[in-house]
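Asker: The structure file query_14.txt (compact mmCIF, C-alpha atoms) is provided below.
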```
# COMPACT_ATOMS: atom_id res chain seq x y z
CA MET A 1 124.95 94.67 111.10
CA LYS A 2 126.03 97.53 108.82
CA LEU A 3 126.10 95.16 105.87
CA CYS A 4 122.59 93.94 106.69
CA ARG A 5 121.31 97.53 106.80
CA LEU A 6 123.01 98.37 103.53
CA LEU A 7 121.47 95.33 101.86
CA LEU A 8 118.05 96.30 103.16
CA ILE A 9 118.41 99.82 101.80
CA ALA A 10 119.62 98.49 98.46
CA LEU A 11 116.72 96.04 98.32
CA ALA A 12 114.18 98.77 99.01
CA VAL A 13 115.72 101.04 96.37
CA THR A 14 116.33 98.55 93.58
CA LEU A 15 113.24 96.36 93.73
CA PRO A 16 110.13 98.16 92.50
CA LYS A 17 106.75 96.62 93.14
CA THR A 18 106.52 95.27 89.58
CA LEU A 19 109.25 92.74 90.39
CA TRP A 20 107.06 91.03 92.92
CA ALA A 21 105.61 88.82 90.17
CA ALA A 22 107.15 86.55 87.57
CA GLY A 23 105.55 88.75 84.93
CA GLU A 24 102.38 90.68 84.21
CA VAL A 25 99.31 89.52 86.12
CA THR A 26 96.01 89.91 84.29
CA GLN A 27 92.45 89.31 85.51
CA PHE A 28 89.18 88.81 83.69
CA THR A 29 85.78 87.23 84.34
CA LEU A 30 83.78 85.10 81.93
CA GLU A 31 80.09 85.80 81.36
CA ASN A 32 79.16 82.75 83.46
CA GLY A 33 80.97 84.21 86.48
CA MET A 34 84.20 82.19 86.33
CA GLU A 35 87.15 84.34 87.37
CA ALA A 36 90.55 84.01 85.73
CA VAL A 37 94.07 85.13 86.59
CA VAL A 38 96.96 84.92 84.12
CA ILE A 39 100.58 85.11 85.31
CA GLU A 40 103.03 85.48 82.45
CA ASP A 41 106.42 83.79 82.71
CA HIS A 42 108.11 83.15 79.38
CA ARG A 43 111.37 81.69 80.71
CA SER A 44 110.20 78.12 80.03
CA PRO A 45 107.77 76.75 77.41
CA ALA A 46 105.58 75.25 80.13
CA VAL A 47 102.31 76.19 81.75
CA VAL A 48 100.60 75.53 85.08
CA HIS A 49 96.82 75.27 84.82
CA MET A 50 94.82 75.38 88.05
CA VAL A 51 91.12 75.45 88.87
CA TRP A 52 90.26 76.49 92.42
CA TYR A 53 86.82 76.05 93.93
CA ARG A 54 85.63 78.29 96.74
CA THR A 55 84.69 75.34 98.87
CA GLY A 56 86.53 73.13 101.32
CA ALA A 57 86.16 71.21 104.54
CA ALA A 58 84.68 74.22 106.36
CA ASP A 59 81.79 74.33 103.87
CA GLU A 60 80.65 70.76 104.44
CA PRO A 61 77.12 70.01 105.69
CA PRO A 62 76.93 68.52 109.20
CA GLY A 63 77.45 64.79 109.43
CA VAL A 64 79.52 64.29 106.28
CA SER A 65 82.96 65.42 107.39
CA GLY A 66 85.60 64.64 104.80
CA ILE A 67 83.21 64.94 101.85
CA ALA A 68 85.18 67.81 100.25
CA HIS A 69 88.37 65.73 100.26
CA PHE A 70 86.48 62.59 99.22
CA LEU A 71 85.05 64.40 96.21
CA GLU A 72 88.54 65.58 95.28
CA HIS A 73 89.50 61.91 94.94
CA LEU A 74 86.36 61.07 92.98
CA MET A 75 86.98 63.87 90.49
CA PHE A 76 89.65 61.65 88.92
CA LYS A 77 87.02 59.09 87.98
CA GLY A 78 85.11 59.17 84.71
CA THR A 79 82.95 61.77 82.98
CA ASP A 80 80.47 61.47 80.16
CA ASP A 81 83.43 61.82 77.77
CA LEU A 82 86.32 60.18 79.66
CA GLU A 83 86.79 56.72 81.13
CA GLY A 84 87.72 56.43 84.79
CA GLY A 85 91.37 57.34 85.31
CA ALA A 86 91.74 58.68 81.76
CA PHE A 87 92.26 62.28 82.90
CA SER A 88 95.63 61.64 84.54
CA GLN A 89 96.64 59.17 81.85
CA ILE A 90 96.13 61.78 79.13
CA VAL A 91 98.07 64.40 81.09
CA GLU A 92 100.95 61.96 81.55
CA ALA A 93 100.85 60.92 77.90
CA ASN A 94 101.33 64.58 77.01
CA GLY A 95 104.41 64.83 79.22
CA GLY A 96 102.66 66.51 82.12
CA THR A 97 101.82 65.97 85.77
CA ASP A 98 98.60 66.56 87.69
CA ASN A 99 97.19 66.39 91.19
CA ALA A 100 94.78 68.09 93.58
CA PHE A 101 94.50 69.21 97.19
CA THR A 102 91.84 70.21 99.70
CA SER A 103 91.92 72.65 102.60
CA TRP A 104 89.27 74.19 104.84
CA ASP A 105 88.58 77.08 102.46
CA TYR A 106 89.28 75.65 99.01
CA THR A 107 89.75 72.66 96.75
CA ALA A 108 92.17 72.94 93.83
CA TYR A 109 93.12 70.87 90.79
CA TYR A 110 96.30 71.48 88.81
CA GLN A 111 98.34 70.29 85.86
CA ARG A 112 101.76 71.25 84.57
CA VAL A 113 102.42 70.58 80.90
CA ALA A 114 103.88 72.10 77.73
CA ALA A 115 102.22 75.42 76.92
CA ASP A 116 100.78 74.18 73.61
CA ARG A 117 98.67 71.62 75.52
CA LEU A 118 96.76 74.25 77.50
CA GLY A 119 93.60 73.90 75.42
CA LEU A 120 93.50 70.15 76.08
CA LEU A 121 93.76 70.72 79.84
CA MET A 122 90.90 73.22 79.78
CA GLN A 123 88.77 70.87 77.71
CA MET A 124 89.16 68.04 80.22
CA GLU A 125 88.85 70.22 83.34
CA ALA A 126 85.69 71.85 82.02
CA ASP A 127 84.31 68.38 81.28
CA ARG A 128 84.67 67.17 84.87
CA MET A 129 83.44 70.49 86.32
CA ARG A 130 79.91 69.66 85.17
CA ASP A 131 79.81 66.08 83.83
CA LEU A 132 81.32 63.85 86.49
CA VAL A 133 80.05 60.27 86.38
CA LEU A 134 80.28 58.18 89.56
CA THR A 135 79.53 54.51 90.01
CA GLU A 136 78.99 52.67 93.27
CA ALA A 137 82.25 50.83 92.60
CA ASP A 138 84.09 54.16 92.30
CA VAL A 139 82.72 55.28 95.66
CA LEU A 140 83.57 52.04 97.46
CA THR A 141 87.12 52.01 96.07
CA GLU A 142 87.92 55.62 96.91
CA ARG A 143 86.26 55.45 100.32
CA SER A 144 88.69 52.67 101.18
CA VAL A 145 91.52 54.88 99.89
CA ILE A 146 90.63 57.88 102.07
CA LEU A 147 90.13 55.68 105.13
CA GLU A 148 93.59 54.22 104.57
CA GLU A 149 94.95 57.73 104.08
CA ARG A 150 93.54 58.72 107.45
CA ALA A 151 95.02 55.57 109.00
CA GLN A 152 98.49 56.35 107.64
CA ARG A 153 98.62 60.12 108.09
CA THR A 154 96.54 60.67 111.23
CA ASP A 155 95.68 57.56 113.21
CA SER A 156 99.26 56.26 113.10
CA SER A 157 100.74 59.60 114.21
CA PRO A 158 100.42 60.78 117.83
CA GLY A 159 101.36 64.29 116.74
CA ALA A 160 98.62 64.37 114.10
CA LEU A 161 96.00 63.06 116.53
CA PHE A 162 97.13 65.63 119.09
CA SER A 163 96.92 68.48 116.57
CA GLU A 164 93.44 67.33 115.59
CA GLN A 165 92.30 67.47 119.21
CA MET A 166 93.96 70.85 119.75
CA ARG A 167 92.13 72.33 116.79
CA ALA A 168 88.82 70.89 117.96
CA ALA A 169 89.37 72.56 121.34
CA LEU A 170 90.39 75.94 119.88
CA TYR A 171 87.29 76.16 117.69
CA LEU A 172 84.14 75.31 119.62
CA ASN A 173 81.67 76.59 117.05
CA HIS A 174 83.46 77.26 113.78
CA PRO A 175 83.84 74.38 111.28
CA TYR A 176 87.62 74.83 111.28
CA ARG A 177 87.42 72.45 114.25
CA ILE A 178 86.67 69.54 111.88
CA PRO A 179 89.65 67.79 110.24
CA ILE A 180 89.97 68.11 106.47
CA ILE A 181 90.31 64.33 106.13
CA GLY A 182 87.13 63.93 108.20
CA TRP A 183 86.19 62.05 111.36
CA ARG A 184 86.60 58.34 110.74
CA HIS A 185 83.09 57.35 111.88
CA GLU A 186 81.56 59.78 109.38
CA MET A 187 83.99 58.94 106.59
CA GLN A 188 82.90 55.31 106.81
CA MET A 189 79.33 56.35 105.94
CA LEU A 190 80.05 58.65 102.97
CA ASP A 191 78.19 57.50 99.88
CA ARG A 192 77.57 58.36 96.25
CA GLU A 193 74.69 60.72 96.98
CA ASP A 194 76.74 62.65 99.53
CA ALA A 195 79.46 63.19 96.93
CA LEU A 196 77.08 64.16 94.13
CA ALA A 197 75.13 66.54 96.37
CA PHE A 198 78.34 68.37 97.33
CA TYR A 199 79.48 68.36 93.70
CA ARG A 200 76.21 69.81 92.39
CA ARG A 201 76.13 72.45 95.10
CA PHE A 202 79.65 73.83 94.86
CA TYR A 203 81.29 72.79 91.57
CA ALA A 204 80.25 75.51 89.16
CA PRO A 205 82.03 78.07 86.99
CA ASN A 206 80.74 80.95 89.12
CA ASN A 207 82.29 79.30 92.18
CA ALA A 208 85.65 78.67 90.51
CA ILE A 209 88.85 80.57 89.80
CA LEU A 210 91.04 79.68 86.83
CA ILE A 211 94.74 80.42 87.29
CA VAL A 212 97.14 79.95 84.41
CA ALA A 213 100.83 80.67 84.93
CA GLY A 214 103.69 80.26 82.49
CA ASP A 215 104.46 80.74 78.82
CA VAL A 216 101.10 82.20 77.82
CA THR A 217 99.47 85.52 76.98
CA PRO A 218 96.25 86.85 78.52
CA GLU A 219 94.64 86.98 75.08
CA GLU A 220 95.37 83.31 74.45
CA VAL A 221 94.08 82.24 77.87
CA ARG A 222 90.90 84.29 77.49
CA ARG A 223 90.19 82.77 74.07
CA LEU A 224 90.69 79.21 75.33
CA ALA A 225 88.74 79.86 78.53
CA GLU A 226 85.80 81.26 76.59
CA ASP A 227 85.88 78.23 74.28
CA HIS A 228 86.00 75.58 77.01
CA TYR A 229 84.69 77.08 80.25
CA GLY A 230 82.47 79.77 78.76
CA PRO A 231 79.65 77.42 77.65
CA LEU A 232 79.21 75.99 81.19
CA ALA A 233 76.03 77.17 82.87
CA PRO A 234 76.47 78.90 86.23
CA THR A 235 74.72 77.71 89.37
CA PRO A 236 72.10 80.38 90.20
CA ASP A 237 71.64 79.61 93.90
CA LEU A 238 75.18 79.34 95.23
CA PRO A 239 75.11 79.43 99.03
CA ASP A 240 76.81 82.29 100.83
CA ARG A 241 79.96 81.35 102.71
CA ALA A 242 78.39 82.45 105.98
CA ARG A 243 79.99 80.56 108.84
CA PRO A 244 79.32 80.62 112.57
CA SER A 245 81.69 82.72 114.65
CA GLU A 246 83.43 81.73 117.86
CA PRO A 247 81.89 82.59 121.24
CA GLY A 248 84.02 84.25 123.87
CA GLN A 249 86.15 81.85 125.90
CA ILE A 250 85.01 81.63 129.53
CA ALA A 251 86.86 78.52 130.70
CA ASP A 252 90.45 77.32 130.53
CA ARG A 253 91.06 74.82 127.76
CA THR A 254 93.76 72.20 128.18
CA VAL A 255 94.24 69.12 126.00
CA ARG A 256 96.20 66.20 127.44
CA TYR A 257 96.92 63.33 125.09
CA GLU A 258 99.10 60.37 126.00
CA ASP A 259 100.34 57.80 123.53
CA ARG A 260 102.94 55.03 123.87
CA ARG A 261 104.35 55.99 120.46
CA VAL A 262 105.40 59.52 121.55
CA ALA A 263 109.19 59.82 121.28
CA ASN A 264 109.61 63.39 122.51
CA PRO A 265 106.82 64.93 124.63
CA TYR A 266 106.05 68.60 124.07
CA VAL A 267 103.71 71.39 125.07
CA SER A 268 101.85 73.48 122.52
CA ARG A 269 99.69 76.57 122.84
CA SER A 270 97.38 77.91 120.15
CA TYR A 271 95.77 81.35 120.23
CA LEU A 272 92.83 82.44 118.08
CA ALA A 273 94.28 85.10 115.79
CA PRO A 274 93.04 87.41 113.02
CA GLU A 275 93.54 86.43 109.40
CA ARG A 276 94.71 88.58 106.48
CA ASP A 277 91.85 90.85 105.48
CA SER A 278 91.46 92.45 102.08
CA GLY A 279 92.74 96.00 102.14
CA ALA A 280 93.80 95.71 105.78
CA GLN A 281 96.73 93.29 105.98
CA GLY A 282 98.82 95.18 108.52
CA GLU A 283 97.97 93.10 111.57
CA ALA A 284 98.60 89.85 109.70
CA ALA A 285 101.95 91.19 108.49
CA ALA A 286 102.94 91.99 112.07
CA LEU A 287 101.92 88.50 113.22
CA SER A 288 103.86 86.90 110.36
CA LEU A 289 107.00 88.71 111.47
CA LEU A 290 106.27 87.96 115.13
CA ALA A 291 106.21 84.22 114.41
CA GLN A 292 109.59 84.50 112.69
CA ILE A 293 111.05 86.53 115.55
CA LEU A 294 109.81 84.18 118.28
CA GLY A 295 110.34 80.81 116.65
CA GLY A 296 111.27 80.99 112.98
CA SER A 297 114.91 80.04 113.38
CA GLY A 298 116.52 77.17 115.25
CA THR A 299 119.45 79.36 116.31
CA THR A 300 118.53 83.05 116.38
CA SER A 301 114.83 83.24 117.28
CA VAL A 302 113.80 84.34 120.77
CA PHE A 303 112.69 80.92 122.02
CA SER A 304 115.56 78.93 120.53
CA ARG A 305 118.21 81.36 121.67
CA ARG A 306 116.96 81.40 125.25
CA LEU A 307 115.63 77.88 125.82
CA GLN A 308 117.75 75.79 123.45
CA ILE A 309 121.10 77.55 123.37
CA GLU A 310 121.52 79.67 126.49
CA GLU A 311 119.64 77.57 129.06
CA GLU A 312 119.70 74.18 127.27
CA ARG A 313 116.24 73.36 128.56
CA SER A 314 114.61 72.57 125.20
CA LEU A 315 115.23 70.22 122.30
CA PHE A 316 113.03 72.21 119.93
CA THR A 317 110.95 75.40 119.95
CA ALA A 318 108.83 77.03 117.27
CA ALA A 319 106.14 79.58 116.48
CA TYR A 320 103.67 79.29 113.61
CA TYR A 321 101.20 81.65 111.97
CA GLN A 322 99.42 81.21 108.63
CA GLY A 323 97.33 84.28 107.96
CA THR A 324 95.81 83.33 104.60
CA SER A 325 92.46 82.11 105.84
CA LEU A 326 88.84 83.08 105.18
CA ASP A 327 88.08 83.33 108.90
CA ASP A 328 90.05 83.66 112.13
CA THR A 329 93.19 81.56 112.15
CA SER A 330 95.66 80.54 114.88
CA PHE A 331 99.02 81.57 116.28
CA THR A 332 100.82 78.56 117.76
CA LEU A 333 103.84 78.11 120.05
CA VAL A 334 105.67 74.81 120.68
CA ASN A 335 108.23 73.84 123.32
CA MET A 336 109.78 70.36 123.38
CA PRO A 337 111.77 70.12 126.63
CA MET A 338 114.96 68.24 127.35
CA PRO A 339 114.50 64.79 128.96
CA GLY A 340 113.90 65.18 132.68
CA ILE A 341 112.03 68.48 132.33
CA SER A 342 108.28 68.07 132.77
CA LEU A 343 105.70 69.52 130.41
CA ALA A 344 104.43 71.74 133.24
CA GLU A 345 107.94 73.18 133.50
CA ALA A 346 108.09 73.54 129.72
CA GLU A 347 104.84 75.50 129.78
CA ALA A 348 106.24 77.71 132.53
CA ASP A 349 109.34 78.29 130.40
CA LEU A 350 107.13 79.44 127.52
CA ASP A 351 105.28 81.85 129.78
CA ARG A 352 108.52 83.17 131.25
CA VAL A 353 110.13 83.88 127.88
CA ILE A 354 106.91 85.45 126.57
CA ALA A 355 106.78 87.78 129.58
CA GLU A 356 110.43 88.74 129.09
CA PHE A 357 109.81 89.42 125.40
CA LEU A 358 106.77 91.61 126.08
CA ASP A 359 108.80 93.52 128.64
CA THR A 360 112.08 93.99 126.73
CA GLY A 361 110.80 94.13 123.15
CA ILE A 362 112.54 93.29 119.89
CA ASP A 363 116.23 93.57 119.16
CA PRO A 364 116.37 96.15 116.30
CA ALA A 365 119.17 94.26 114.54
CA GLN A 366 117.18 91.04 114.66
CA PHE A 367 114.11 92.84 113.33
CA GLU A 368 116.07 94.15 110.33
CA ARG A 369 117.48 90.70 109.67
CA ILE A 370 114.06 89.01 109.85
CA LYS A 371 112.47 91.53 107.49
CA PHE A 372 115.37 91.14 105.07
CA GLN A 373 115.07 87.35 105.10
CA TYR A 374 111.30 87.48 104.71
CA THR A 375 111.61 89.92 101.81
CA ALA A 376 114.27 87.80 100.12
CA SER A 377 112.19 84.63 100.45
CA GLU A 378 109.26 86.38 98.76
CA ILE A 379 111.49 87.38 95.86
CA TYR A 380 112.94 83.89 95.45
CA ALA A 381 109.41 82.46 95.44
CA GLN A 382 108.76 84.26 92.16
CA ASP A 383 111.05 81.75 90.41
CA ASN A 384 108.58 78.95 91.15
CA VAL A 385 105.70 79.58 88.80
CA GLN A 386 103.59 76.81 90.31
CA GLY A 387 104.16 78.16 93.81
CA LEU A 388 103.23 81.63 92.60
CA ALA A 389 100.01 80.34 91.05
CA ARG A 390 99.22 78.58 94.33
CA GLN A 391 99.88 81.79 96.26
CA TYR A 392 97.27 83.62 94.20
CA GLY A 393 94.77 80.76 94.39
CA THR A 394 95.04 80.44 98.17
CA ALA A 395 94.57 84.18 98.56
CA LEU A 396 91.63 84.56 96.20
CA THR A 397 89.69 81.65 97.72
CA SER A 398 90.34 83.11 101.18
CA GLY A 399 88.76 86.50 100.56
CA LEU A 400 91.79 88.42 99.28
CA THR A 401 92.33 90.05 95.89
CA VAL A 402 95.12 90.14 93.32
CA GLU A 403 95.89 93.64 94.57
CA ASP A 404 96.25 92.31 98.12
CA VAL A 405 98.73 89.67 96.97
CA GLN A 406 100.79 92.24 95.12
CA ALA A 407 100.65 94.68 98.04
CA TRP A 408 101.76 92.11 100.62
CA PRO A 409 105.54 92.70 100.28
CA ASP A 410 104.99 96.44 100.68
CA VAL A 411 102.84 95.82 103.76
CA ILE A 412 105.61 93.69 105.24
CA ALA A 413 108.20 96.34 104.40
CA ALA A 414 106.13 99.04 106.11
CA THR A 415 105.67 97.05 109.32
CA THR A 416 107.49 98.56 112.29
CA VAL A 417 108.82 97.23 115.57
CA GLU A 418 105.92 99.00 117.28
CA ASP A 419 103.42 97.21 115.00
CA VAL A 420 104.88 93.82 115.90
CA MET A 421 104.92 94.57 119.62
CA ASP A 422 101.30 95.76 119.47
CA ALA A 423 100.37 92.48 117.77
CA ALA A 424 102.38 90.52 120.36
CA GLU A 425 100.63 92.25 123.21
CA ALA A 426 97.22 91.62 121.64
CA ILE A 427 97.87 87.91 121.00
CA LEU A 428 100.19 86.88 123.82
CA GLY A 429 99.32 89.46 126.46
CA GLY A 430 95.66 90.31 126.19
CA ASN A 431 94.20 87.38 124.23
CA THR A 432 91.75 85.31 126.28
CA HIS A 433 90.98 82.74 123.56
CA TRP A 434 93.61 80.01 123.59
CA VAL A 435 94.20 76.34 124.32
CA THR A 436 97.23 74.61 125.84
CA GLY A 437 98.08 71.05 124.95
CA TYR A 438 100.34 68.39 126.47
CA LEU A 439 101.49 65.53 124.24
CA ASP A 440 103.14 62.89 126.43
CA ARG A 441 103.81 59.22 126.96
CA PRO A 442 101.82 57.31 129.61
CA ALA A 443 103.59 57.55 132.97
CA THR A 444 104.55 53.86 133.06
CA ASP A 445 106.19 54.13 129.61
CA ALA A 446 108.13 57.19 130.64
CA GLU A 447 109.38 55.44 133.77
CA GLU A 448 110.48 52.38 131.78
CA ILE A 449 112.41 54.55 129.33
CA THR A 450 114.32 56.41 132.07
CA GLN A 451 115.29 53.21 133.93
```
Go ahead and express the file in the form of structure tokens.
Answerer:
Amino acid sequence: MKLCRLLLIALAVTLPKTLWAAGEVTQFTLENGMEAVVIEDHRSPAVVHMVWYRTGAADEPPGVSGIAHFLEHLMFKGTDDLEGGAFSQIVEANGGTDNAFTSWDYTAYYQRVAADRLGLLMQMEADRMRDLVLTEADVLTERSVILEERAQRTDSSPGALFSEQMRAALYLNHPYRIPIIGWRHEMQMLDREDALAFYRRFYAPNNAILIVAGDVTPEEVRRLAEDHYGPLAPTPDLPDRARPSEPGQIADRTVRYEDRRVANPYVSRSYLAPERDSGAQGEAAALSLLAQILGGSGTTSVFSRRLQIEEERSLFTAAYYQGTSLDDTSFTLVNMPMPGISLAEAEADLDRVIAEFLDTGIDPAQFERIKFQYTASEIYAQDNVQGLARQYGTALTSGLTVEDVQAWPDVIAATTVEDVMDAAEAILGGNTHWVTGYLDRPATDAEEITQ
């Protein structure tokens, strides 16, 4: 442990805050309200170009779940200047790659290409920000694609269906309860007007963030952004991202889902938890470390050490927390018991180990090791310029600032054992808003397997 402490001291002394980015990070805002972030990294003559919209599945109108993700697919169709499918073909012809993704709080489009092609990317992305052209054939084709995507990723996976039901039980009122892919019965009804209405409402320069990372200068990016994005008119009546909050929980919530396809039954518990807040990230930092301490390692974390190694009662244990969220997020625990141990017993094991942890606290040596590993992983992440751009985009569309992103390592470093235990007590000891879930096989299937 002396070596670990020495490394931690050396890390704290030798790594100033400026090293927490691949290079200089510059911000500016165009006259039409479009924000821009430039991350310089001149080690490779490549650039990552991303446009993030402050809209996602949690911003969808009632009755059209999945429309944010559906529109993401349709954005690769034609514009008034480009034929359908031409966008990706041009990127590929220029030696690049492109894709997009949707979450509850954002939708993002990205390309990676040689730095001297940046102007071309901006020209095409600006074109589809305002001039998307959709035909009925486009809508029918892509609706079939997203329905098949749901069939493959969700409907064919007991774990995915279970997670979907768990989330719907945790959030009674907030739109985080709705799956990003959408509910199948509503997806089947999505049409061209639904897509265009969502597009016209949310896809605007003053609802977008441009992030460019790589072999560029801020001056060059500003000039190109003003040329291509600057002429786009802002939307004057953008809706506020006001979302309903959760009511207090007054009844126990338990989800029981049985499926013949389940190979290893498990119990899961999700707690409503605070997200990272701008200028006040301390609680989220403590929860991030708590998740690592309880279930971040398959050999040294609290749950794995006790239930998997010492007692041999579990096949797998884990703890998860993702704090980058516009609204309240979740803190989740999982226990997959050994064959022959019931899910009720597995839940009791979780409760027992939690109680022991709250009573005995954190091993100081483990705490130092976890913080060191977390710090190191943040440093290594700087070598992935696309991952770094995504880190900024996720944060900015979730209510954080560039300053918050840059301060995060320091917030983690300043977090104490007492901070983590306070967070643990608040979430695991005093929290009354949680849901427990059992994912199992039907009883007859389980009996057949054991015979």
Asker: Mind pulling up the distance from atom CA of Ala160 of chain A to atom CA of Glu311 of chain A?
Answerer: 29.0 Å
Asker: Could you name the residues that touch segment 403-411 of chain A at 9 Å or less, counting all atoms listed in the file, but leaving out those on the same chain fewer than 3 positions away, as a CSV table (one decimal) with C-alpha atoms, in the frame of the given file?
Answerer:
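The result, written out as result05.csv:
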```
chain,number,residue,atom,x,y,z
A,17,LYS,CA,106.8,96.6,93.1
A,18,THR,CA,106.5,95.3,89.6
A,20,TRP,CA,107.1,91.0,92.9
A,21,ALA,CA,105.6,88.8,90.2
A,277,ASP,CA,91.8,90.8,105.5
A,278,SER,CA,91.5,92.4,102.1
A,279,GLY,CA,92.7,96.0,102.1
A,280,ALA,CA,93.8,95.7,105.8
A,281,GLN,CA,96.7,93.3,106.0
A,282,GLY,CA,98.8,95.2,108.5
A,285,ALA,CA,102.0,91.2,108.5
A,374,TYR,CA,111.3,87.5,104.7
A,375,THR,CA,111.6,89.9,101.8
A,378,GLU,CA,109.3,86.4,98.8
A,391,GLN,CA,99.9,81.8,96.3
A,392,TYR,CA,97.3,83.6,94.2
A,395,ALA,CA,94.6,84.2,98.6
A,396,LEU,CA,91.6,84.6,96.2
A,400,LEU,CA,91.8,88.4,99.3
A,414,ALA,CA,106.1,99.0,106.1
A,415,THR,CA,105.7,97.0,109.3
```
Asker: Can you pull out every residue within 9 Å of Ala225 of chain A, counting all atoms listed in the file, but drop anything in the same chain fewer than 4 positions away, and send it as a count of residues only?
Answerer: 9
Asker: Excluding same-chain residues fewer than 4 positions from segment 67-76 of chain A, what lies within 8 Å of it counting only C-alpha atoms, as an MDAnalysis selection string?
Answerer: chainID A and resid 55:57 60 84:85 87:88 100:102 107 128 132 134 138:139 142:143 146 180:182 187 190 194:195 198:199
Asker: Quick one: residues within 10 Å of Val38 of chain A, all atoms listed in the file, excluding same-chain residues fewer than 6 positions away - as a count of residues only?
Answerer: 20
Asker: With all atoms listed in the file as the basis for distance, which of A:Leu326, A:Met338, A:Leu121, A:Leu358 is at the shortest distance from Arg276 of chain A?
Answerer: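 Checking each of A:Leu326, A:Met338, A:Leu121, A:Leu358 against Arg276 of chain A, counting all atoms listed in the file, the winner is A:Leu326.
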Asker: Rounded to one decimal place, report the atom CA of Ala114 of chain A-atom CA of Gly95 of chain A distance in Å.
Answerer: 7.4 Å
Asker: What is the distance, in Å and to one decimal place, between atom CA of Asp422 of chain A and atom CA of Phe316 of chain A?
Answerer: 26.3 Å
Asker: I'd like to know which of A:Ile178, A:Leu161, A:Ala284, A:Ala204 is closest to Thr329 of chain A, using only C-alpha atoms.
Answerer: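 The shortest atom-to-atom distance to Thr329 of chain A comes from A:Ala284.
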Asker: Of the candidates A:Pro337, A:Gly298, A:Pro158, A:Gly248, which one gets nearest to Arg313 of chain A if we count only C-alpha atoms?
Answerer: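 Ranking A:Pro337, A:Gly298, A:Pro158, A:Gly248 by distance to Arg313 of chain A, first place goes to A:Pro337.
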Asker: Using only C-alpha atoms, which residue out of A:Arg112, A:Tyr176, A:Thr397, A:Val145 lies closest to Arg243 of chain A?
Answerer: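 Closest to Arg243 of chain A, using only C-alpha atoms: A:Tyr176.
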Asker: Excluding segment 81-83 of chain A and any residue of its chain fewer than 5 positions from it, enumerate the residues within 9 Å of it, using all atoms listed in the file, and give them as JSON, numbers by chain.
Answerer: {"A": [124, 127, 128, 131]}
Asker: My list of candidates is A:Tyr271, A:Tyr257, A:Thr432, A:Pro231. Which is closest to Glu164 of chain A when distances are computed with all atoms listed in the file?
Answerer: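 Of all the options, A:Tyr257 lies closest to Glu164 of chain A.
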Asker: My list of candidates is A:Leu350, A:Val91, A:Ala208, A:Val47. Which is closest to Phe303 of chain A when distances are computed with all atoms listed in the file?
Answerer: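 Among A:Leu350, A:Val91, A:Ala208, A:Val47, it is A:Leu350 that comes nearest to Phe303 of chain A.
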Asker: Mind completing segment 354-362 of chain A with N, CA, C and O atoms? Output as a CSV table (one decimal), keeping the file's coordinate frame, please?
Answerer:
```csv
chain,number,residue,atom,x,y,z
A,354,ILE,N,107.9,84.5,127.1
A,354,ILE,CA,106.9,85.4,126.6
A,354,ILE,C,106.9,86.7,127.4
A,354,ILE,O,106.9,87.9,126.8
A,355,ALA,N,106.8,86.6,128.7
A,355,ALA,CA,106.8,87.8,129.6
A,355,ALA,C,108.0,88.6,129.4
A,355,ALA,O,107.9,89.9,129.4
A,356,GLU,N,109.2,88.0,129.3
A,356,GLU,CA,110.4,88.7,129.1
A,356,GLU,C,110.4,89.5,127.7
A,356,GLU,O,110.8,90.6,127.7
A,357,PHE,N,109.9,88.8,126.7
A,357,PHE,CA,109.8,89.4,125.4
A,357,PHE,C,108.9,90.6,125.4
A,357,PHE,O,109.2,91.7,124.8
A,358,LEU,N,107.7,90.5,126.0
A,358,LEU,CA,106.8,91.6,126.1
A,358,LEU,C,107.3,92.8,126.9
A,358,LEU,O,107.0,93.9,126.6
A,359,ASP,N,108.2,92.5,127.8
A,359,ASP,CA,108.8,93.5,128.6
A,359,ASP,C,110.0,94.2,127.9
A,359,ASP,O,110.1,95.4,128.0
A,360,THR,N,110.9,93.4,127.3
A,360,THR,CA,112.1,94.0,126.7
A,360,THR,C,111.9,94.4,125.3
A,360,THR,O,112.7,95.2,124.8
A,361,GLY,N,111.0,93.8,124.5
A,361,GLY,CA,110.8,94.1,123.2
A,361,GLY,C,111.7,93.4,122.2
A,361,GLY,O,112.4,92.4,122.5
A,362,ILE,N,111.8,93.9,121.0
A,362,ILE,CA,112.5,93.3,119.9
A,362,ILE,C,113.9,93.9,119.7
A,362,ILE,O,114.1,95.2,119.7
```
